[in-house]
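Engineer: Here you go, one structure.
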Amino acid sequence: MHLKEYQKTTLERLSDYLRALDKCRAKKALADSLEIHYKWDVDAWEMVRPGAPYIPRHTGSGQVLPTICFKVPTGGGKTLLAVHAIDSIQSLFKHTQSGLVLWIVPTKQIYRQTLNALRDRAHPYRQFLDLTSGNQTMILEKNQQFSPEDIQNHLAILILMLPSANRQNKETLRLFKDQGGFEAFFPAEDRLQDHAELLKRVSNLDTYDIESTFGGVVKTSLGNTLRLINPIVILDEGHKAYSATAQHTLLGFNPCFILELTATPPQESNKLVDIGGQALLREGMIKLDMHVHIKASMDWRDTVYASCEHRNELERTAQQYENQTGMYIRPIILFQVERTGEKQRNKPGLIHAEDVREYLITRLNILPEEIAVKSSEKDEIENIDLLSRDCSIRYIITKHALQEGWDCPFAYIVTLLTNPESTTGITQLIGRVLRQPYATKTGNPALDESHVYCYRAQTSKLLNEIRSGLMEEGLYDLIGRVMIDQDVAGSIDVPLRAQFQQFAGKVYLPYFVVPDGKKGWREVGYEMDILSGIDWEAFNLNDFDSLELNPTVTQDSSTRMSLDHEEIEALKTYVASDMSLDKVFITRQLMDVVPNPWIAYEYVEKVLKKLKKRGYSEADIRRDLGLVIREIKKVVEKERDRFAQVVFEKKVEGGEIKFFLISGVAGLAIPDRVKVHADSRKLTNARGDQPARTLFDYVLEDDFNETEKAVALYLDQQEEILWWYRNRSKLDYGLQGWRKDRVYADFVAMRNLQPIVYVLETKGLHLKNDNTNYKQKLFDLCNKHGQPTPWDAIANEFSEHKVKFQIVFEDEWERVLNQMLRTN
């Protein structure tokens, strides 16, 4: 499962913080010897987030407790970030592969989803944990027992559900009740002195009353066991654990590290990373725009009918998309009703789930098996994989049961049949239709957007609630993407401004192209034209001459990561001590970076030979297999990209790849119109005026982050600029280079009185990384061929223009742009 750019940046920031923590913790020992009070956690935070607020925390036993928060919107991949974060914390802060992780979730729905994913050895989350632990992963629930040896030799993930109520309930108290199975963590009952010493070391352990038979004896409870182990805590939906009782319980577990993941962190959280909705939108992970269809009819059936007709249209589009790409999508509608209870159906004026089911079956001829009700009393989608081709469900009826912890990327439409005066549940229900199927835009607007159908709604009130819903999902910077659909009001197609009409459909931008037989030219293909030219045999694997494996000896395991049924049966014939390394399994882990399995297998053999030559046994390698696989992938990716660059540049210099203006292909020219919502907040300058030099009259403020906004307003003030345009990621101009992903710049601008077009990419300081270096090299190559050649008569109209590519960082953009505009 590939990480998105914002996920990579998040994990890089975490690694920087963990290294700072480790460094400052080492300094703490020196400070203690000199009797100097040193706040090592505060110092580490300041090294990575200078000036950002930080609230220190301490465990129930008084130890310093590093606590940070990832602010991640709905659909941003919180669980994927969590499993990668565990790897980073284990290796950079704890320096071990084993130990206990306490994974805390707020609801039963999220509990089931998390548990099922982490227990499934074929799931990418579990596979990554197995890599992290050297295939020594244990997934536990609160009613399962474990031993000190389990924690010493395994990465144990204990999943708990922390009640959100602000009180100590029976579930929480049960954790600290004496129970069997954990005696090995504690002294024998009659060793009172050992119990006293243990209490001195860990002061917040629960004990029996001093007056009782076992007065002063520590209880052998799960809660006390956690207090001794000092687990890592992963806190899903961390904002729900900020009541005094919840915080007391969490800190009382004596964790060594807490990572909160939430879309809406409270003010007290220590936000290490703040991911906005724009990041997700650019990566194609969410379905926006969100169109709101308000039906004036007083009959709720009309609203149901309209939304079902729309769903049918979406399914036809999805079937065409599947025929073209092989990607399966089955659009689903979520109906929100006012009643679901069996005894509530006959109440007048209230729409019941069975009323909707009956209408769908009897009047719209929908098959019963395509309809499901999800409520507190009836759960017809439990244990059903809604993404499976074998699933027939297209209509889900609910009241509040889908508000939290449930998502299905196939859900495209929410149909609200509730009282217009009531907005209960709307804000959270909106978030259930945001995830994009396969976390990738299809390129078809119909399948890349979401819809809300409303019955008897008050427009302004409903829009406020929907926008509040986006805010609660952490998508505060995308509220302008909610629009009343054009058939009602407010959504408009905006053409180019009158003074720029001569550019309509004629602003062509260059692409790298290759000959395509009689057809002329086609855009360069990553796999077909670049990877096919790489000399895979020449890769340098010398990094493994100095790779150090973990020297800590842990118990071997006879289980392997992701196995099919036949492999599991074959494995039963082996014993752990005799099992050799599975080269085929390691090869499988490389298939996303090496297209040829035979070459990947050769890499594995070479690496294992190098490690064995340095004295590592198969047991040593198997124990640290996660590190070995990660290092192979890292080295091979680096070599692949290095050779791909050589192939690309050689073909450019040799004339096999041209830098051409291409016409007649969708998406290769600046569009002649864009669709926007008339009520969205417009971009304005400090005086409140709208930009005067935009190619289109209508520019949405929500389309920009702060650096981009500053650059846009700067461009608008320059007399040297004739017009500028906000290039839309995944929709407009995207440049294919020698890496797989296209590069979508942020701005396109045309110079006034001179035939020059600028293609601009803005970057925050924290994004100065390998990906930025790649973009800079690609832009340098483009600038070397800055006056591209037209390949037909249409593009020839734009042939006199030079195109200049530029990356600007937030700390230097004004100086760089000043220099750019002063240079002809």
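Residues in the structure tokens are numbered from 1 in each chain, the chains being A, B, ... in the order shown, and ligands are numbered from 1 in the order shown.
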Set the distance at 7 Å and use only C-alpha atoms: which residues neighbour A:Gly480 once local chain neighbours fewer than 2 positions away are removed? I'd like the list as number ranges by chain.

Structural biologist: A: 478, 482, 680-681, 702

Engineer: Could you name the residues that touch stretch 605-613 of chain A at 9 Å or less, counting only C-alpha atoms, but leaving out those on the same chain fewer than 5 positions away, as a PyMOL selection string?

Structural biologist: chain A and resi 541-542+544-547+583+600+618+621+628+632

Engineer: Write the residues you've just listed into a file as a CSV table (one decimal), in the first residue's frame, and include N, CA and C atoms for each of them.

Structural biologist:
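Output saved as result_30.csv:
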```csv
chain,number,residue,atom,x,y,z
A,541,LEU,N,23.9,-2.7,-5.2
A,541,LEU,CA,23.3,-3.2,-3.9
A,541,LEU,C,24.4,-3.1,-2.8
A,542,ASN,N,25.4,-2.3,-3.0
A,542,ASN,CA,26.5,-2.3,-2.0
A,542,ASN,C,26.1,-1.7,-0.6
A,544,PHE,N,24.2,-2.9,1.3
A,544,PHE,CA,24.1,-4.0,2.2
A,544,PHE,C,25.4,-4.6,2.7
A,545,ASP,N,26.5,-4.0,2.2
A,545,ASP,CA,27.8,-4.4,2.8
A,545,ASP,C,28.0,-3.8,4.2
A,546,SER,N,27.2,-2.8,4.5
A,546,SER,CA,27.3,-2.1,5.8
A,546,SER,C,26.0,-2.1,6.7
A,547,LEU,N,25.0,-2.8,6.2
A,547,LEU,CA,23.7,-2.8,7.0
A,547,LEU,C,23.9,-3.6,8.2
A,583,LYS,N,12.7,-17.1,0.1
A,583,LYS,CA,13.1,-16.1,-0.8
A,583,LYS,C,11.9,-15.7,-1.7
A,600,ALA,N,13.7,-9.5,-9.3
A,600,ALA,CA,13.5,-9.3,-7.9
A,600,ALA,C,14.0,-10.4,-7.1
A,618,GLU,N,20.8,-17.3,9.1
A,618,GLU,CA,19.4,-17.2,8.6
A,618,GLU,C,18.5,-16.8,9.8
A,621,ILE,N,18.7,-13.0,10.2
A,621,ILE,CA,18.0,-12.3,9.1
A,621,ILE,C,16.5,-12.5,9.2
A,628,VAL,N,15.2,-5.9,6.7
A,628,VAL,CA,15.9,-6.3,5.5
A,628,VAL,C,15.0,-6.0,4.3
A,632,ILE,N,15.8,-3.4,1.3
A,632,ILE,CA,15.9,-3.8,-0.1
A,632,ILE,C,15.0,-2.9,-1.0
```

Engineer: Which residues in stretch 672-781 of chain A does DSSP call strand (DSSP E)? List them as a PyMOL selection string.

Structural biologist: chain A and resi 673-677+721-726+747-751+756-763

Engineer: Output C-alpha atoms of each residue in that selection to a file, as a PDB file, in the first residue's frame.

Structural biologist:
```pdb
ATOM      1  CA  ARG A 673     -14.600  27.035 -18.691  1.00  0.00           C
ATOM      2  CA  VAL A 674     -14.779  25.759 -15.121  1.00  0.00           C
ATOM      3  CA  LYS A 675     -17.711  24.906 -12.865  1.00  0.00           C
ATOM      4  CA  VAL A 676     -17.889  26.659  -9.490  1.00  0.00           C
ATOM      5  CA  HIS A 677     -20.403  27.413  -6.758  1.00  0.00           C
ATOM      6  CA  ILE A 721       1.612  39.169 -15.920  1.00  0.00           C
ATOM      7  CA  LEU A 722      -1.173  39.142 -18.507  1.00  0.00           C
ATOM      8  CA  TRP A 723      -3.175  36.392 -16.762  1.00  0.00           C
ATOM      9  CA  TRP A 724      -2.721  33.537 -14.306  1.00  0.00           C
ATOM     10  CA  TYR A 725      -4.594  30.292 -13.711  1.00  0.00           C
ATOM     11  CA  ARG A 726      -4.871  27.923 -10.745  1.00  0.00           C
ATOM     12  CA  PHE A 747      -0.049  27.885 -11.299  1.00  0.00           C
ATOM     13  CA  VAL A 748       0.132  28.664 -14.984  1.00  0.00           C
ATOM     14  CA  ALA A 749       0.729  32.323 -15.893  1.00  0.00           C
ATOM     15  CA  MET A 750       1.271  34.160 -19.177  1.00  0.00           C
ATOM     16  CA  ARG A 751       3.624  37.090 -19.396  1.00  0.00           C
ATOM     17  CA  ILE A 756       6.411  33.425 -22.187  1.00  0.00           C
ATOM     18  CA  VAL A 757       4.309  31.052 -20.087  1.00  0.00           C
ATOM     19  CA  TYR A 758       5.308  30.302 -16.479  1.00  0.00           C
ATOM     20  CA  VAL A 759       4.532  26.986 -14.808  1.00  0.00           C
ATOM     21  CA  LEU A 760       4.917  27.448 -11.034  1.00  0.00           C
ATOM     22  CA  GLU A 761       5.004  24.968  -8.152  1.00  0.00           C
ATOM     23  CA  THR A 762       4.916  26.223  -4.535  1.00  0.00           C
ATOM     24  CA  LYS A 763       6.370  24.236  -1.633  1.00  0.00           C
TER      25      LYS A 763
END
```

Engineer: For the interface of stretch 60-126 of chain A with stretch 23-29 of chain A (cut-off 12 Å, counting only C-alpha atoms), please tabulate each contacting residue of stretch 60-126 of chain A alongside its nearest pair of atoms and their separation in Å to one decimal, rows sorted by chain and increasing number, as JSON lines.

Structural biologist:
```
{"residue": "A:Val64", "atom": "CA", "partner": "A:Arg25", "partner_atom": "CA", "distance": 10.2}
{"residue": "A:Leu65", "atom": "CA", "partner": "A:Arg25", "partner_atom": "CA", "distance": 11.6}
{"residue": "A:Pro66", "atom": "CA", "partner": "A:Arg25", "partner_atom": "CA", "distance": 10.9}
{"residue": "A:Leu92", "atom": "CA", "partner": "A:Lys23", "partner_atom": "CA", "distance": 10.3}
{"residue": "A:Phe93", "atom": "CA", "partner": "A:Lys23", "partner_atom": "CA", "distance": 9.5}
{"residue": "A:Lys94", "atom": "CA", "partner": "A:Arg25", "partner_atom": "CA", "distance": 11.4}
```

Engineer: What would the file look like if the residues just selected were written as a PDB file, in the first residue's frame with N, CA, C and O atoms?

Structural biologist:
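Result written to part_20.pdb:
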```pdb
ATOM      1  N   VAL A  64       7.871  11.417  32.629  1.00  0.00           N
ATOM      2  CA  VAL A  64       7.612  12.248  31.458  1.00  0.00           C
ATOM      3  C   VAL A  64       6.973  11.394  30.359  1.00  0.00           C
ATOM      4  O   VAL A  64       7.406  10.272  30.097  1.00  0.00           O
ATOM      5  N   LEU A  65       5.946  11.934  29.719  1.00  0.00           N
ATOM      6  CA  LEU A  65       5.184  11.180  28.728  1.00  0.00           C
ATOM      7  C   LEU A  65       5.071  11.989  27.432  1.00  0.00           C
ATOM      8  O   LEU A  65       4.223  12.882  27.325  1.00  0.00           O
ATOM      9  N   PRO A  66       5.910  11.722  26.430  1.00  0.00           N
ATOM     10  CA  PRO A  66       5.758  12.393  25.140  1.00  0.00           C
ATOM     11  C   PRO A  66       4.399  12.075  24.523  1.00  0.00           C
ATOM     12  O   PRO A  66       4.052  10.906  24.361  1.00  0.00           O
ATOM     13  N   LEU A  92      13.094   4.077  16.450  1.00  0.00           N
ATOM     14  CA  LEU A  92      13.827   5.311  16.714  1.00  0.00           C
ATOM     15  C   LEU A  92      13.749   5.781  18.158  1.00  0.00           C
ATOM     16  O   LEU A  92      14.596   6.568  18.592  1.00  0.00           O
ATOM     17  N   PHE A  93      12.746   5.307  18.908  1.00  0.00           N
ATOM     18  CA  PHE A  93      12.576   5.773  20.287  1.00  0.00           C
ATOM     19  C   PHE A  93      12.778   4.650  21.298  1.00  0.00           C
ATOM     20  O   PHE A  93      13.486   4.802  22.289  1.00  0.00           O
ATOM     21  N   LYS A  94      12.171   3.494  21.020  1.00  0.00           N
ATOM     22  CA  LYS A  94      12.299   2.369  21.947  1.00  0.00           C
ATOM     23  C   LYS A  94      13.477   1.452  21.603  1.00  0.00           C
ATOM     24  O   LYS A  94      13.938   0.694  22.451  1.00  0.00           O
TER      25      LYS A  94
END
```

Engineer: Nearest to A:Asp379: which of A:Thr74, A:Thr317, A:Gln502, A:Thr398 is it, counting only C-alpha atoms?

Structural biologist: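 Once distances to A:Asp379 are computed over only C-alpha atoms, the minimum belongs to A:Thr398.
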
Engineer: Just want the 9 Å neighbourhood of stretch 635-645 of chain A, counted on only C-alpha atoms, with same-chain residues fewer than 3 positions away dropped. Output as a PyMOL selection string.

Structural biologist: chain A and resi 530-531+533-536+539-541+543+590+593-594+603+630-632+648-650+737-739

Engineer: Would you output that residue set with N, CA and C atoms, as a PDB file, in the first residue's frame?

Structural biologist:
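As written to disk, result.pdb reads:
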```pdb
ATOM      1  N   ILE A 530       9.839   3.984 -20.101  1.00  0.00           N
ATOM      2  CA  ILE A 530      10.930   4.271 -19.164  1.00  0.00           C
ATOM      3  C   ILE A 530      11.414   2.998 -18.476  1.00  0.00           C
ATOM      4  N   LEU A 531      10.509   2.323 -17.766  1.00  0.00           N
ATOM      5  CA  LEU A 531      10.937   1.112 -17.053  1.00  0.00           C
ATOM      6  C   LEU A 531      11.484   0.063 -18.000  1.00  0.00           C
ATOM      7  N   GLY A 533      13.338   0.417 -20.426  1.00  0.00           N
ATOM      8  CA  GLY A 533      14.694   0.712 -20.864  1.00  0.00           C
ATOM      9  C   GLY A 533      15.741   0.620 -19.767  1.00  0.00           C
ATOM     10  N   ILE A 534      15.333   0.260 -18.555  1.00  0.00           N
ATOM     11  CA  ILE A 534      16.263   0.202 -17.431  1.00  0.00           C
ATOM     12  C   ILE A 534      17.102  -1.072 -17.476  1.00  0.00           C
ATOM     13  N   ASP A 535      18.383  -0.931 -17.161  1.00  0.00           N
ATOM     14  CA  ASP A 535      19.254  -2.091 -17.025  1.00  0.00           C
ATOM     15  C   ASP A 535      19.164  -2.572 -15.573  1.00  0.00           C
ATOM     16  N   TRP A 536      18.216  -3.443 -15.311  1.00  0.00           N
ATOM     17  CA  TRP A 536      17.951  -3.892 -13.945  1.00  0.00           C
ATOM     18  C   TRP A 536      19.120  -4.708 -13.382  1.00  0.00           C
ATOM     19  N   PHE A 539      21.977  -2.720 -11.092  1.00  0.00           N
ATOM     20  CA  PHE A 539      21.677  -2.023  -9.839  1.00  0.00           C
ATOM     21  C   PHE A 539      22.793  -2.247  -8.812  1.00  0.00           C
ATOM     22  N   ASN A 540      23.114  -1.204  -8.080  1.00  0.00           N
ATOM     23  CA  ASN A 540      24.147  -1.243  -7.053  1.00  0.00           C
ATOM     24  C   ASN A 540      23.524  -1.593  -5.706  1.00  0.00           C
ATOM     25  N   LEU A 541      23.876  -2.736  -5.159  1.00  0.00           N
ATOM     26  CA  LEU A 541      23.333  -3.175  -3.870  1.00  0.00           C
ATOM     27  C   LEU A 541      24.397  -3.140  -2.769  1.00  0.00           C
ATOM     28  N   ASP A 543      24.996  -1.060  -0.546  1.00  0.00           N
ATOM     29  CA  ASP A 543      24.556  -0.559   0.764  1.00  0.00           C
ATOM     30  C   ASP A 543      24.455  -1.693   1.776  1.00  0.00           C
ATOM     31  N   LEU A 590       8.601  -7.167  -3.111  1.00  0.00           N
ATOM     32  CA  LEU A 590       9.279  -6.215  -3.983  1.00  0.00           C
ATOM     33  C   LEU A 590       8.523  -5.951  -5.281  1.00  0.00           C
ATOM     34  N   VAL A 593       7.791  -2.501  -6.751  1.00  0.00           N
ATOM     35  CA  VAL A 593       8.879  -1.639  -7.202  1.00  0.00           C
ATOM     36  C   VAL A 593       9.683  -2.273  -8.334  1.00  0.00           C
ATOM     37  N   VAL A 594       9.599  -3.599  -8.478  1.00  0.00           N
ATOM     38  CA  VAL A 594      10.319  -4.305  -9.550  1.00  0.00           C
ATOM     39  C   VAL A 594       9.298  -5.079 -10.374  1.00  0.00           C
ATOM     40  N   TYR A 603      17.745 -10.061  -6.816  1.00  0.00           N
ATOM     41  CA  TYR A 603      18.118  -9.076  -5.802  1.00  0.00           C
ATOM     42  C   TYR A 603      18.109  -9.715  -4.412  1.00  0.00           C
ATOM     43  N   ARG A 630      12.509  -3.765   4.043  1.00  0.00           N
ATOM     44  CA  ARG A 630      12.393  -2.312   3.865  1.00  0.00           C
ATOM     45  C   ARG A 630      13.651  -1.740   3.203  1.00  0.00           C
ATOM     46  N   GLU A 631      14.824  -2.220   3.621  1.00  0.00           N
ATOM     47  CA  GLU A 631      16.066  -1.713   3.053  1.00  0.00           C
ATOM     48  C   GLU A 631      16.216  -2.126   1.591  1.00  0.00           C
ATOM     49  N   ILE A 632      15.825  -3.358   1.257  1.00  0.00           N
ATOM     50  CA  ILE A 632      15.883  -3.776  -0.145  1.00  0.00           C
ATOM     51  C   ILE A 632      14.995  -2.860  -0.990  1.00  0.00           C
ATOM     52  N   PHE A 648      15.540   8.289 -19.268  1.00  0.00           N
ATOM     53  CA  PHE A 648      14.702   9.397 -19.730  1.00  0.00           C
ATOM     54  C   PHE A 648      15.559  10.470 -20.403  1.00  0.00           C
ATOM     55  N   GLU A 649      16.605  10.902 -19.705  1.00  0.00           N
ATOM     56  CA  GLU A 649      17.434  11.990 -20.228  1.00  0.00           C
ATOM     57  C   GLU A 649      18.176  11.559 -21.489  1.00  0.00           C
ATOM     58  N   LYS A 650      18.601  10.306 -21.534  1.00  0.00           N
ATOM     59  CA  LYS A 650      19.287   9.805 -22.724  1.00  0.00           C
ATOM     60  C   LYS A 650      18.349   9.812 -23.936  1.00  0.00           C
ATOM     61  N   GLY A 737       7.130  12.473 -15.984  1.00  0.00           N
ATOM     62  CA  GLY A 737       8.583  12.421 -16.068  1.00  0.00           C
ATOM     63  C   GLY A 737       9.075  10.997 -15.937  1.00  0.00           C
ATOM     64  N   TRP A 738      10.204  10.809 -15.247  1.00  0.00           N
ATOM     65  CA  TRP A 738      10.776   9.460 -15.133  1.00  0.00           C
ATOM     66  C   TRP A 738      10.335   8.730 -13.873  1.00  0.00           C
ATOM     67  N   ARG A 739       9.443   9.348 -13.089  1.00  0.00           N
ATOM     68  CA  ARG A 739       8.811   8.643 -11.982  1.00  0.00           C
ATOM     69  C   ARG A 739       7.336   8.387 -12.304  1.00  0.00           C
TER      70      ARG A 739
END
```

Engineer: Quote the spacing between atom CA of A:Thr823 and atom CA of A:Leu781 in Å to one decimal place.

Structural biologist: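 Answer for the atom CA of A:Thr823 to atom CA of A:Leu781 separation: 18.9 Å.
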
Engineer: Taking the DSSP assignment computed from this structure's backbone, write out as a ChimeraX atom specification all residues of stretch 290-514 of chain A that belong to helix (DSSP H, G or I).

Structural biologist: /A:300-325,353-362,368-370,426-433,437-439,445-447,459-472,476-481,498-503

Engineer: Which stretch 444-488 of chain A residues have any atom within 10 Å of an atom of stretch 300-314 of chain A, and for each, what is the nearest pair of atoms with distance in Å to one decimal, counting only C-alpha atoms, rows sorted by chain and number, as a Markdown table?

Structural biologist:
```
| residue | atom | partner | partner_atom | distance |
| --- | --- | --- | --- | --- |
| A:Ala446 | CA | A:Leu314 | CA | 6.8 |
| A:Leu447 | CA | A:Leu314 | CA | 7.1 |
| A:His451 | CA | A:Ser307 | CA | 8.9 |
| A:Val452 | CA | A:Ser307 | CA | 8.6 |
| A:Tyr453 | CA | A:Ser307 | CA | 6.4 |
| A:Cys454 | CA | A:Thr303 | CA | 6.9 |
| A:Tyr455 | CA | A:Trp300 | CA | 6.1 |
| A:Arg456 | CA | A:Trp300 | CA | 8.2 |
```

Engineer: Give me the residues within 10 Å of A:Ser468 as a list in words, counting only C-alpha atoms and dropping any in the same chain fewer than 3 places off.

Structural biologist: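 In the requested form, the answer reads Ile426, Thr427, Gln428, Ile430, Leu462, Leu463, Asn464, Glu465, Met471, Glu472, Glu473, Gly474, Leu475, Tyr476 and Ile479 of chain A.
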
Engineer: So which one's closest to A:Ile110, A:Asp236, A:Asp741, A:Glu370, A:Asp274? Using only C-alpha atoms, please.

Structural biologist: A:Asp236
